[in-house]
Amino acid sequence: MDSISMQLPDPAAAAEEGHRKIAWAREHMPILNALREEFEADRPLDGETVGMAMHVEAKTAALTELLADAGAEVAITGCNPLSTHDDVSAALDAHENITSYAKRGVDDDEYYAAIEAVIDHEPTITVDDGMDMVAAIHESHPKLIDSILGGCEETTTGVHRLRAMDDDGELRYPVFAVNDTPMKRLFDNVHGTGESSLANIAMTTNLSYAGKTVVVAGYGDCGRGVAKKASGQNAHVVVTEVEPRRALEAHMEGYEVTTMQEAAETGDVFITTTGNRDVITREHFERMNDGVLLANAGHFDVEVNLDQLSELAVAEREAREGVREYELPDGRRLNVLAEGRLVNLASPVALGHPVEVMDQSFGVQAVAVREIVENGDDYGPGVHDVPDRLDREVAEIKLAAEGVEIDDLSDEQREYMESWDHGT
Ligand code: NAI
């Protein structure tokens, strides 16, 4: 398969615009900039080949360039057919040590062909968002596995899939669950998804949240952020859950908690954040009000069952760019954003998470890749937590960049915290 530069009519102009976007992101990524200084000096990835499947936009590009500047050959493609920015992809492809196959709007065959093209580079390290590349390597290229040192996984759904594979004894090289680190999950999933999903829904529709009922399906890290930010924009927030403690937490935060069946009747805006399938289905569409907005922030486009909605609809049209209206037999119209794909990355105006948030997530990615090269032998096949010392390292770089000072434990305090025999 050809790289993106061979597919665009004017790759040089696209690359120039892509470089502009990347430069802006890099200016606001102090963690990656600090790591760049270290990586350029030490070249920890000399001789390695990194294969990446991620959302190819400006912040990811900053990570990709960092890995290349650390000495690696990098091949990259998208992890979603709608989240790629072609100009950023072209800018990456113009780097002498990077090949990018990512292109926006590809069909399923092209999407998987691009993953195959990355695998053709014979990566020694994989960096995934959703696990599609790890899956393709295990299914179709098992001979490569012996030469792979390890991998990193960015998102909750990818970590779930990897753990399921590990439980079945099928995962044959070590992969770090980058998603699960505090520096990623507590900021990216909560604040990033909350802010960027709501912003993209508002920009795509030009509508307000104030006075509306926003239904958030799933009260995990992403749902918690979406609910909080929607509430902050004066929406009435309703939460649906299947896990009793998460439901109770939402209840104690003051949100209305109910079933999707009930929420379907009152919601104006529905946002799914479950990582599960068929969360909004025919029985819910049948109860919804005219004009509702349906958006998904979970990794795959299976949370809102669009096949069932299509079957139910008598007519479909593009109501606005990025908004597909489904007209039901009784005249009600339900509006689906970004084809049910993750709305903060796949809607036409999408920019993904704020830069500062991705600086943290990708800071963890970068140090986890360095760990694979430096200490990979310490990790057997399977899913591994990123060592806490690495997460702390990234937090310390960020605090220093922000000029925030914190206290140190005294020797007495440390001894007290580590002992079990200090009672009253
Ligand atoms: P999580 O596991 O913390 O939360 C998911 C919640 O959904 C859980 O509390 C679970 O009980 C609940 N749930 C599952 N099935 C449900 C159902 N049928 N109805 C109601 N609730 C249900 O996961 P997290 O980190 O919040 O991630 C959620 C999804 O968002 C994943 O697919 C993840 O990959 C994706 N993600 C998307 C991002 C974005 O940029 N849009 C960023 C980070 C994660």
# chains A, B, ... in the order shown; residues from 1 in each chain; ligands from 1
>>> select_by_dssp(residues="stretch 113-326 of chain A", states="helix (DSSP H, G or I)", output="ChimeraX atom specification")
/A:113-119,132-140,142-147,156-167,178-180,182-205,221-232,244-252,260-266,282-285,306-312
>>> residues_around(residues="stretch 251-253 of chain A", least_positions_apart="6", cutoff="12 Å", atoms="only C-alpha atoms", output="mmCIF file with all heavy atoms, in the first residue's frame")
data_model
loop_
_atom_site.group_PDB
_atom_site.id
_atom_site.type_symbol
_atom_site.label_atom_id
_atom_site.label_comp_id
_atom_site.auth_asym_id
_atom_site.auth_seq_id
_atom_site.Cartn_x
_atom_site.Cartn_y
_atom_site.Cartn_z
ATOM 1 N N TYR A 219 -21.051 5.412 33.711
ATOM 2 C CA TYR A 219 -20.449 6.369 34.639
ATOM 3 C C TYR A 219 -19.071 5.856 35.060
ATOM 4 O O TYR A 219 -18.758 5.668 36.217
ATOM 5 C CB TYR A 219 -21.371 6.592 35.847
ATOM 6 C CG TYR A 219 -21.042 7.825 36.647
ATOM 7 C CD1 TYR A 219 -21.316 9.092 36.133
ATOM 8 C CD2 TYR A 219 -20.450 7.740 37.901
ATOM 9 C CE1 TYR A 219 -21.014 10.238 36.853
ATOM 10 C CE2 TYR A 219 -20.147 8.877 38.639
ATOM 11 C CZ TYR A 219 -20.430 10.121 38.106
ATOM 12 O OH TYR A 219 -20.133 11.258 38.828
ATOM 13 N N ARG A 224 -18.002 10.013 33.832
ATOM 14 C CA ARG A 224 -17.886 10.935 34.967
ATOM 15 C C ARG A 224 -17.514 12.346 34.460
ATOM 16 O O ARG A 224 -18.073 13.345 34.912
ATOM 17 C CB ARG A 224 -16.790 10.398 35.884
ATOM 18 C CG ARG A 224 -16.777 10.978 37.258
ATOM 19 C CD ARG A 224 -15.721 10.283 38.097
ATOM 20 N NE ARG A 224 -16.039 8.888 38.346
ATOM 21 C CZ ARG A 224 -15.213 7.863 38.144
ATOM 22 N NH1 ARG A 224 -14.004 8.055 37.652
ATOM 23 N NH2 ARG A 224 -15.587 6.645 38.413
ATOM 24 N N ALA A 227 -20.482 13.874 32.390
ATOM 25 C CA ALA A 227 -21.575 14.301 33.276
ATOM 26 C C ALA A 227 -21.212 15.603 33.988
ATOM 27 O O ALA A 227 -22.006 16.541 34.042
ATOM 28 C CB ALA A 227 -21.864 13.194 34.292
ATOM 29 N N LYS A 228 -19.992 15.653 34.493
ATOM 30 C CA LYS A 228 -19.577 16.845 35.252
ATOM 31 C C LYS A 228 -19.566 18.102 34.377
ATOM 32 O O LYS A 228 -20.044 19.155 34.762
ATOM 33 C CB LYS A 228 -18.177 16.585 35.820
ATOM 34 C CG LYS A 228 -17.655 17.658 36.745
ATOM 35 C CD LYS A 228 -16.257 17.257 37.191
ATOM 36 C CE LYS A 228 -15.533 18.383 37.884
ATOM 37 N NZ LYS A 228 -15.760 18.475 39.283
ATOM 38 N N SER A 231 -23.095 19.136 33.351
ATOM 39 C CA SER A 231 -23.739 19.780 34.485
ATOM 40 C C SER A 231 -23.216 21.221 34.632
ATOM 41 O O SER A 231 -23.981 22.145 34.899
ATOM 42 C CB SER A 231 -23.438 18.932 35.719
ATOM 43 O OG SER A 231 -23.853 19.549 36.852
ATOM 44 N N VAL A 237 -28.556 16.452 34.126
ATOM 45 C CA VAL A 237 -27.824 15.248 33.714
ATOM 46 C C VAL A 237 -28.489 13.989 34.270
ATOM 47 O O VAL A 237 -28.765 13.893 35.461
ATOM 48 C CB VAL A 237 -26.345 15.314 34.162
ATOM 49 C CG1 VAL A 237 -25.626 14.007 33.848
ATOM 50 C CG2 VAL A 237 -25.648 16.487 33.494
ATOM 51 N N VAL A 238 -28.736 13.044 33.370
ATOM 52 C CA VAL A 238 -29.285 11.733 33.747
ATOM 53 C C VAL A 238 -28.220 10.692 33.410
ATOM 54 O O VAL A 238 -27.635 10.735 32.319
ATOM 55 C CB VAL A 238 -30.573 11.437 32.949
ATOM 56 C CG1 VAL A 238 -31.102 10.038 33.276
ATOM 57 C CG2 VAL A 238 -31.634 12.486 33.241
ATOM 58 N N VAL A 239 -27.953 9.782 34.348
ATOM 59 C CA VAL A 239 -26.927 8.758 34.132
ATOM 60 C C VAL A 239 -27.584 7.381 34.061
ATOM 61 O O VAL A 239 -28.495 7.077 34.841
ATOM 62 C CB VAL A 239 -25.888 8.784 35.287
ATOM 63 C CG1 VAL A 239 -24.968 7.577 35.236
ATOM 64 C CG2 VAL A 239 -25.086 10.082 35.243
ATOM 65 N N THR A 240 -27.114 6.542 33.127
ATOM 66 C CA THR A 240 -27.524 5.133 33.121
ATOM 67 C C THR A 240 -26.290 4.277 33.381
ATOM 68 O O THR A 240 -25.191 4.628 32.956
ATOM 69 C CB THR A 240 -28.170 4.708 31.779
ATOM 70 O OG1 THR A 240 -27.156 4.647 30.776
ATOM 71 C CG2 THR A 240 -29.270 5.681 31.356
ATOM 72 N N GLU A 241 -26.448 3.207 34.107
ATOM 73 C CA GLU A 241 -25.318 2.323 34.465
ATOM 74 C C GLU A 241 -25.790 0.887 34.566
ATOM 75 O O GLU A 241 -26.996 0.611 34.616
ATOM 76 C CB GLU A 241 -24.722 2.744 35.819
ATOM 77 C CG GLU A 241 -23.321 3.338 35.767
ATOM 78 C CD GLU A 241 -22.247 2.426 35.189
ATOM 79 O OE1 GLU A 241 -22.432 1.202 35.154
ATOM 80 O OE2 GLU A 241 -21.187 2.933 34.777
ATOM 81 N N PRO A 244 -23.529 -1.501 40.001
ATOM 82 C CA PRO A 244 -24.230 -0.839 41.098
ATOM 83 C C PRO A 244 -23.428 0.250 41.805
ATOM 84 O O PRO A 244 -23.977 1.281 42.183
ATOM 85 C CB PRO A 244 -24.554 -1.995 42.062
ATOM 86 C CG PRO A 244 -23.785 -3.175 41.596
ATOM 87 C CD PRO A 244 -23.450 -2.959 40.162
ATOM 88 N N ARG A 245 -22.098 0.047 41.999
ATOM 89 C CA ARG A 245 -21.340 1.061 42.742
ATOM 90 C C ARG A 245 -21.139 2.324 41.920
ATOM 91 O O ARG A 245 -21.173 3.432 42.431
ATOM 92 C CB ARG A 245 -19.995 0.480 43.185
ATOM 93 C CG ARG A 245 -20.215 -0.536 44.287
ATOM 94 C CD ARG A 245 -19.212 -1.613 44.312
ATOM 95 N NE ARG A 245 -19.083 -2.317 43.052
ATOM 96 C CZ ARG A 245 -18.177 -3.248 42.822
ATOM 97 N NH1 ARG A 245 -17.329 -3.585 43.757
ATOM 98 N NH2 ARG A 245 -18.117 -3.860 41.652
#
>>> residues_near_ligand(ligand="ligand 1", cutoff="6 Å", atoms="only C-alpha atoms and all ligand atoms", output="count of residues only")
27
>>> residues_around(residues="A:Ala319", least_positions_apart="6", cutoff="10 Å", atoms="only C-alpha atoms", output="list in words")
Thr205, Glu325, Tyr326, Asn335 and Val336 of chain A
>>> write_last_selection(atoms="N, CA and C atoms", output="mmCIF file, in the first residue's frame")
data_model
loop_
_atom_site.group_PDB
_atom_site.id
_atom_site.type_symbol
_atom_site.label_atom_id
_atom_site.label_comp_id
_atom_site.auth_asym_id
_atom_site.auth_seq_id
_atom_site.Cartn_x
_atom_site.Cartn_y
_atom_site.Cartn_z
ATOM 1 N N THR A 205 -23.403 20.947 16.081
ATOM 2 C CA THR A 205 -24.843 21.236 15.994
ATOM 3 C C THR A 205 -25.165 22.715 16.136
ATOM 4 N N GLU A 325 -29.825 12.743 10.011
ATOM 5 C CA GLU A 325 -31.186 12.729 10.572
ATOM 6 C C GLU A 325 -31.912 11.478 10.089
ATOM 7 N N TYR A 326 -32.503 10.743 11.030
ATOM 8 C CA TYR A 326 -33.304 9.555 10.717
ATOM 9 C C TYR A 326 -34.753 9.884 11.022
ATOM 10 N N ASN A 335 -31.292 12.523 15.489
ATOM 11 C CA ASN A 335 -30.065 12.985 14.828
ATOM 12 C C ASN A 335 -28.833 12.282 15.379
ATOM 13 N N VAL A 336 -28.099 11.604 14.513
ATOM 14 C CA VAL A 336 -26.893 10.884 14.932
ATOM 15 C C VAL A 336 -25.669 11.679 14.500
#
>>> closest_residue(among="A:Thr213, A:Gln360, A:Ser410, A:Thr424", to="A:Met29", atoms="only C-alpha atoms")
A:Gln360
>>> select_by_dssp(residues="stretch 106-181 of chain A", states="strand (DSSP E or B)", output="PDB file with C-alpha atoms, in the first residue's frame")
ATOM      1  CA  ILE A 125       7.521  -2.286  19.366  1.00  0.00           C
ATOM      2  CA  THR A 126       3.777  -1.651  18.876  1.00  0.00           C
ATOM      3  CA  VAL A 127       1.786   1.367  20.059  1.00  0.00           C
ATOM      4  CA  ASP A 128      -1.948   0.813  19.727  1.00  0.00           C
ATOM      5  CA  GLY A 150       6.659  -5.238  23.649  1.00  0.00           C
ATOM      6  CA  GLY A 151       3.766  -2.884  23.119  1.00  0.00           C
ATOM      7  CA  CYS A 152       1.720  -0.093  24.649  1.00  0.00           C
ATOM      8  CA  GLU A 153      -2.081   0.299  24.668  1.00  0.00           C
ATOM      9  CA  PRO A 174       4.231  -7.956  26.910  1.00  0.00           C
ATOM     10  CA  VAL A 175       1.936  -4.933  26.534  1.00  0.00           C
ATOM     11  CA  PHE A 176       1.741  -1.979  28.915  1.00  0.00           C
ATOM     12  CA  ALA A 177      -1.758  -0.795  29.885  1.00  0.00           C
TER      13      ALA A 177
END
>>> closest_residue(among="A:Val226, A:Val386, A:Ala117, A:Val349", to="A:Met183", atoms="only C-alpha atoms")
A:Val386
>>> closest_residue(among="A:Ile4, A:Ala315, A:Ile271, A:Pro81", to="A:Asp109", atoms="only C-alpha atoms")
A:Pro81
>>> closest_atom_pairs(of="stretch 107-143 of chain A", to="stretch 56-76 of chain A", cutoff="12 Å", atoms="only C-alpha atoms", output="tab-separated table")
residue	atom	partner	partner_atom	distance
A:Tyr111	CA	A:Ile76	CA	11.9
A:Ala114	CA	A:Ile76	CA	8.6
A:Ile115	CA	A:Ile76	CA	8.2
A:Glu116	CA	A:Ile76	CA	10.6
A:Ala117	CA	A:Ala75	CA	8.4
A:Val118	CA	A:Ala75	CA	5.4
A:Ile119	CA	A:Ala75	CA	8.2
A:Asp120	CA	A:Ala75	CA	9.2
A:His121	CA	A:Ala75	CA	7.0
A:Glu122	CA	A:Ala75	CA	9.4
A:Pro123	CA	A:Ala75	CA	8.2
A:Thr124	CA	A:Ala72	CA	9.8
A:Ile125	CA	A:Val74	CA	9.6
A:Thr126	CA	A:Ala75	CA	9.8
A:Val127	CA	A:Ile76	CA	9.1
A:Asp128	CA	A:Ile76	CA	9.8
A:Asp129	CA	A:Val56	CA	10.7
A:Met133	CA	A:Ile76	CA	10.5
>>> atom_distance(atom1="atom CA of A:Leu171", atom2="atom CA of A:Gly382")
5.7 Å
>>> residues_around(residues="A:Ala295", least_positions_apart="2", cutoff="9 Å", atoms="only C-alpha atoms", output="list in words")
Ser197, Ile201, Val269, Phe270, Ile271, Thr272, Leu293, Ala297, Val304, Asn335, Val336, Leu337, Ala338, Glu339, Gly340, Arg341, Leu342 and Val343 of chain A
>>> residues_around(residues="A:Glu321", least_positions_apart="2", cutoff="8 Å", atoms="only C-alpha atoms", output="ChimeraX atom specification")
/A:204,318-319,323,348
>>> write_last_selection(atoms="C-alpha atoms", output="short mmCIF file (atom, residue, chain, number, x, y, z; two decimals), in the first residue's frame")
data_model
loop_
_atom_site.label_atom_id
_atom_site.label_comp_id
_atom_site.auth_asym_id
_atom_site.auth_seq_id
_atom_site.Cartn_x
_atom_site.Cartn_y
_atom_site.Cartn_z
CA THR A 204 -21.23 20.28 15.17
CA GLU A 318 -27.60 14.92 6.19
CA ALA A 319 -29.24 17.62 8.34
CA VAL A 323 -25.35 15.19 11.62
CA PRO A 348 -16.06 17.07 10.98
#
>>> closest_atom_pairs(of="stretch 90-158 of chain A", to="stretch 19-28 of chain A", cutoff="9 Å", atoms="only C-alpha atoms", output="Markdown table")
| residue | atom | partner | partner_atom | distance |
| --- | --- | --- | --- | --- |
| A:Ala90 | CA | A:His19 | CA | 8.9 |
| A:Ala91 | CA | A:His19 | CA | 5.7 |
| A:Leu92 | CA | A:His19 | CA | 8.3 |
>>> residues_around(residues="A:Ala401", least_positions_apart="4", cutoff="12 Å", atoms="only C-alpha atoms", output="number ranges by chain")
A: 28-34, 356, 359-360, 394-397, 405
>>> write_last_selection(atoms="all heavy atoms", output="CSV table (one decimal), in the first residue's frame")
chain,number,residue,atom,x,y,z
A,28,HIS,N,2.6,23.4,23.4
A,28,HIS,CA,1.8,23.3,24.6
A,28,HIS,C,2.0,21.9,25.2
A,28,HIS,O,1.1,21.4,25.9
A,28,HIS,CB,0.3,23.6,24.3
A,28,HIS,CG,0.1,24.9,23.7
A,28,HIS,ND1,-0.1,26.0,24.6
A,28,HIS,CD2,0.2,25.4,22.5
A,28,HIS,CE1,-0.2,27.1,23.8
A,28,HIS,NE2,-0.1,26.8,22.6
A,29,MET,N,3.1,21.2,24.9
A,29,MET,CA,3.4,19.9,25.4
A,29,MET,C,4.7,19.9,26.1
A,29,MET,O,5.7,19.3,25.6
A,29,MET,CB,3.3,18.9,24.2
A,29,MET,CG,2.0,18.9,23.5
A,29,MET,SD,1.9,17.7,22.1
A,29,MET,CE,1.1,16.3,23.0
A,30,PRO,N,4.8,20.5,27.3
A,30,PRO,CA,6.0,20.5,28.0
A,30,PRO,C,6.6,19.2,28.4
A,30,PRO,O,7.8,19.0,28.4
A,30,PRO,CB,5.7,21.3,29.3
A,30,PRO,CG,4.2,21.2,29.4
A,30,PRO,CD,3.7,21.1,28.1
A,31,ILE,N,5.8,18.2,28.6
A,31,ILE,CA,6.3,16.9,29.0
A,31,ILE,C,7.0,16.2,27.8
A,31,ILE,O,8.2,15.8,27.9
A,31,ILE,CB,5.1,15.9,29.5
A,31,ILE,CG1,4.4,16.5,30.7
A,31,ILE,CG2,5.7,14.5,29.8
A,31,ILE,CD1,3.2,15.8,31.1
A,32,LEU,N,6.4,16.2,26.6
A,32,LEU,CA,7.0,15.7,25.5
A,32,LEU,C,8.3,16.5,25.1
A,32,LEU,O,9.3,15.9,24.7
A,32,LEU,CB,6.1,15.6,24.3
A,32,LEU,CG,4.9,14.6,24.3
A,32,LEU,CD1,4.4,14.3,22.9
A,32,LEU,CD2,5.3,13.3,25.0
A,33,ASN,N,8.2,17.8,25.3
A,33,ASN,CA,9.4,18.6,25.0
A,33,ASN,C,10.6,18.2,25.9
A,33,ASN,O,11.8,18.2,25.5
A,33,ASN,CB,9.1,20.1,25.1
A,33,ASN,CG,8.1,20.5,24.0
A,33,ASN,OD1,8.0,19.8,22.9
A,33,ASN,ND2,7.4,21.6,24.1
A,34,ALA,N,10.3,18.0,27.2
A,34,ALA,CA,11.4,17.6,28.1
A,34,ALA,C,11.9,16.3,27.8
A,34,ALA,O,13.2,16.0,27.7
A,34,ALA,CB,10.8,17.6,29.6
A,356,GLU,N,-3.0,19.8,26.3
A,356,GLU,CA,-2.3,19.6,27.6
A,356,GLU,C,-2.6,18.1,28.2
A,356,GLU,O,-1.7,17.5,28.8
A,356,GLU,CB,-2.8,20.5,28.7
A,356,GLU,CG,-2.6,22.0,28.4
A,356,GLU,CD,-3.7,22.7,27.6
A,356,GLU,OE1,-4.4,22.0,26.9
A,356,GLU,OE2,-3.9,23.9,27.8
A,359,ASP,N,-0.6,15.6,26.2
A,359,ASP,CA,0.8,15.7,26.6
A,359,ASP,C,1.1,14.7,27.8
A,359,ASP,O,2.1,14.0,27.8
A,359,ASP,CB,1.1,17.1,27.1
A,359,ASP,CG,2.6,17.3,27.3
A,359,ASP,OD1,3.4,16.7,26.6
A,359,ASP,OD2,2.9,18.2,28.2
A,360,GLN,N,0.1,14.6,28.7
A,360,GLN,CA,0.3,13.6,29.8
A,360,GLN,C,0.2,12.2,29.3
A,360,GLN,O,1.0,11.4,29.6
A,360,GLN,CB,-0.8,13.9,30.9
A,360,GLN,CG,-0.6,15.2,31.6
A,360,GLN,CD,-1.5,15.4,32.8
A,360,GLN,OE1,-1.6,16.5,33.3
A,360,GLN,NE2,-2.1,14.3,33.2
A,394,VAL,N,6.5,11.3,34.9
A,394,VAL,CA,5.8,12.2,34.0
A,394,VAL,C,5.1,13.3,34.8
A,394,VAL,O,5.1,14.5,34.4
A,394,VAL,CB,4.8,11.4,33.2
A,394,VAL,CG1,3.9,12.2,32.3
A,394,VAL,CG2,5.5,10.4,32.3
A,395,ALA,N,4.5,12.9,36.0
A,395,ALA,CA,3.8,13.9,36.8
A,395,ALA,C,4.8,15.0,37.3
A,395,ALA,O,4.5,16.2,37.3
A,395,ALA,CB,3.2,13.3,38.0
A,396,GLU,N,6.0,14.6,37.6
A,396,GLU,CA,7.0,15.5,38.1
A,396,GLU,C,7.5,16.5,37.0
A,396,GLU,O,7.6,17.7,37.3
A,396,GLU,CB,8.2,14.8,38.7
A,396,GLU,CG,7.9,14.3,40.1
A,396,GLU,CD,8.8,13.2,40.6
A,396,GLU,OE1,9.8,12.9,39.9
A,396,GLU,OE2,8.6,12.6,41.7
A,397,ILE,N,7.6,16.0,35.8
A,397,ILE,CA,8.0,16.9,34.7
A,397,ILE,C,6.9,17.9,34.5
A,397,ILE,O,7.1,19.1,34.3
A,397,ILE,CB,8.2,16.1,33.4
A,397,ILE,CG1,9.3,15.1,33.5
A,397,ILE,CG2,8.4,17.0,32.2
A,397,ILE,CD1,9.5,14.2,32.3
A,405,GLU,N,5.1,23.6,43.1
A,405,GLU,CA,5.9,22.9,44.1
A,405,GLU,C,5.1,22.1,45.0
A,405,GLU,O,4.0,22.5,45.4
A,405,GLU,CB,6.8,23.9,44.9
A,405,GLU,CG,7.9,24.6,44.0
A,405,GLU,CD,8.9,25.3,44.9
A,405,GLU,OE1,9.3,24.8,45.9
A,405,GLU,OE2,9.2,26.4,44.5
>>> decode(residues="stretch 165-182 of chain A", atoms="N, CA and C atoms", output="compact mmCIF listing (two decimals), in the first residue's frame")
# COMPACT_ATOMS: atom_id res chain seq x y z
N MET A 165 -7.67 -11.41 25.88
CA MET A 165 -6.74 -12.24 25.12
C MET A 165 -5.74 -12.92 26.06
N ASP A 166 -5.27 -12.14 27.05
CA ASP A 166 -4.32 -12.66 28.03
C ASP A 166 -4.96 -13.79 28.84
N ASP A 167 -6.24 -13.57 29.27
CA ASP A 167 -6.95 -14.60 30.05
C ASP A 167 -7.07 -15.90 29.26
N ASP A 168 -7.21 -15.76 27.93
CA ASP A 168 -7.31 -16.95 27.09
C ASP A 168 -5.94 -17.54 26.76
N GLY A 169 -4.88 -16.94 27.31
CA GLY A 169 -3.52 -17.43 27.05
C GLY A 169 -3.04 -17.16 25.64
N GLU A 170 -3.65 -16.18 24.98
CA GLU A 170 -3.33 -15.93 23.56
C GLU A 170 -2.37 -14.76 23.33
N LEU A 171 -2.17 -13.92 24.36
CA LEU A 171 -1.31 -12.75 24.16
C LEU A 171 0.14 -13.18 24.32
N ARG A 172 0.93 -12.99 23.25
CA ARG A 172 2.26 -13.62 23.25
C ARG A 172 3.42 -12.66 23.40
N TYR A 173 3.13 -11.40 23.68
CA TYR A 173 4.24 -10.51 24.07
C TYR A 173 3.74 -9.51 25.11
N PRO A 174 4.67 -8.86 25.84
CA PRO A 174 4.23 -7.96 26.91
C PRO A 174 3.65 -6.66 26.35
N VAL A 175 2.54 -6.21 26.95
CA VAL A 175 1.94 -4.93 26.53
C VAL A 175 1.62 -4.12 27.79
N PHE A 176 2.05 -2.87 27.80
CA PHE A 176 1.74 -1.98 28.92
C PHE A 176 0.35 -1.37 28.76
N ALA A 177 -0.43 -1.41 29.87
CA ALA A 177 -1.76 -0.80 29.88
C ALA A 177 -1.60 0.69 30.21
N VAL A 178 -1.15 1.46 29.23
CA VAL A 178 -0.93 2.89 29.46
C VAL A 178 -2.22 3.55 29.94
N ASN A 179 -3.36 3.10 29.39
CA ASN A 179 -4.66 3.68 29.79
C ASN A 179 -4.85 3.69 31.30
N ASP A 180 -4.34 2.65 31.97
CA ASP A 180 -4.70 2.47 33.38
C ASP A 180 -3.88 3.32 34.34
N THR A 181 -2.89 4.05 33.86
CA THR A 181 -2.06 4.85 34.78
C THR A 181 -2.87 6.06 35.25
N PRO A 182 -2.61 6.50 36.50
CA PRO A 182 -3.27 7.72 36.96
C PRO A 182 -3.03 8.92 36.03
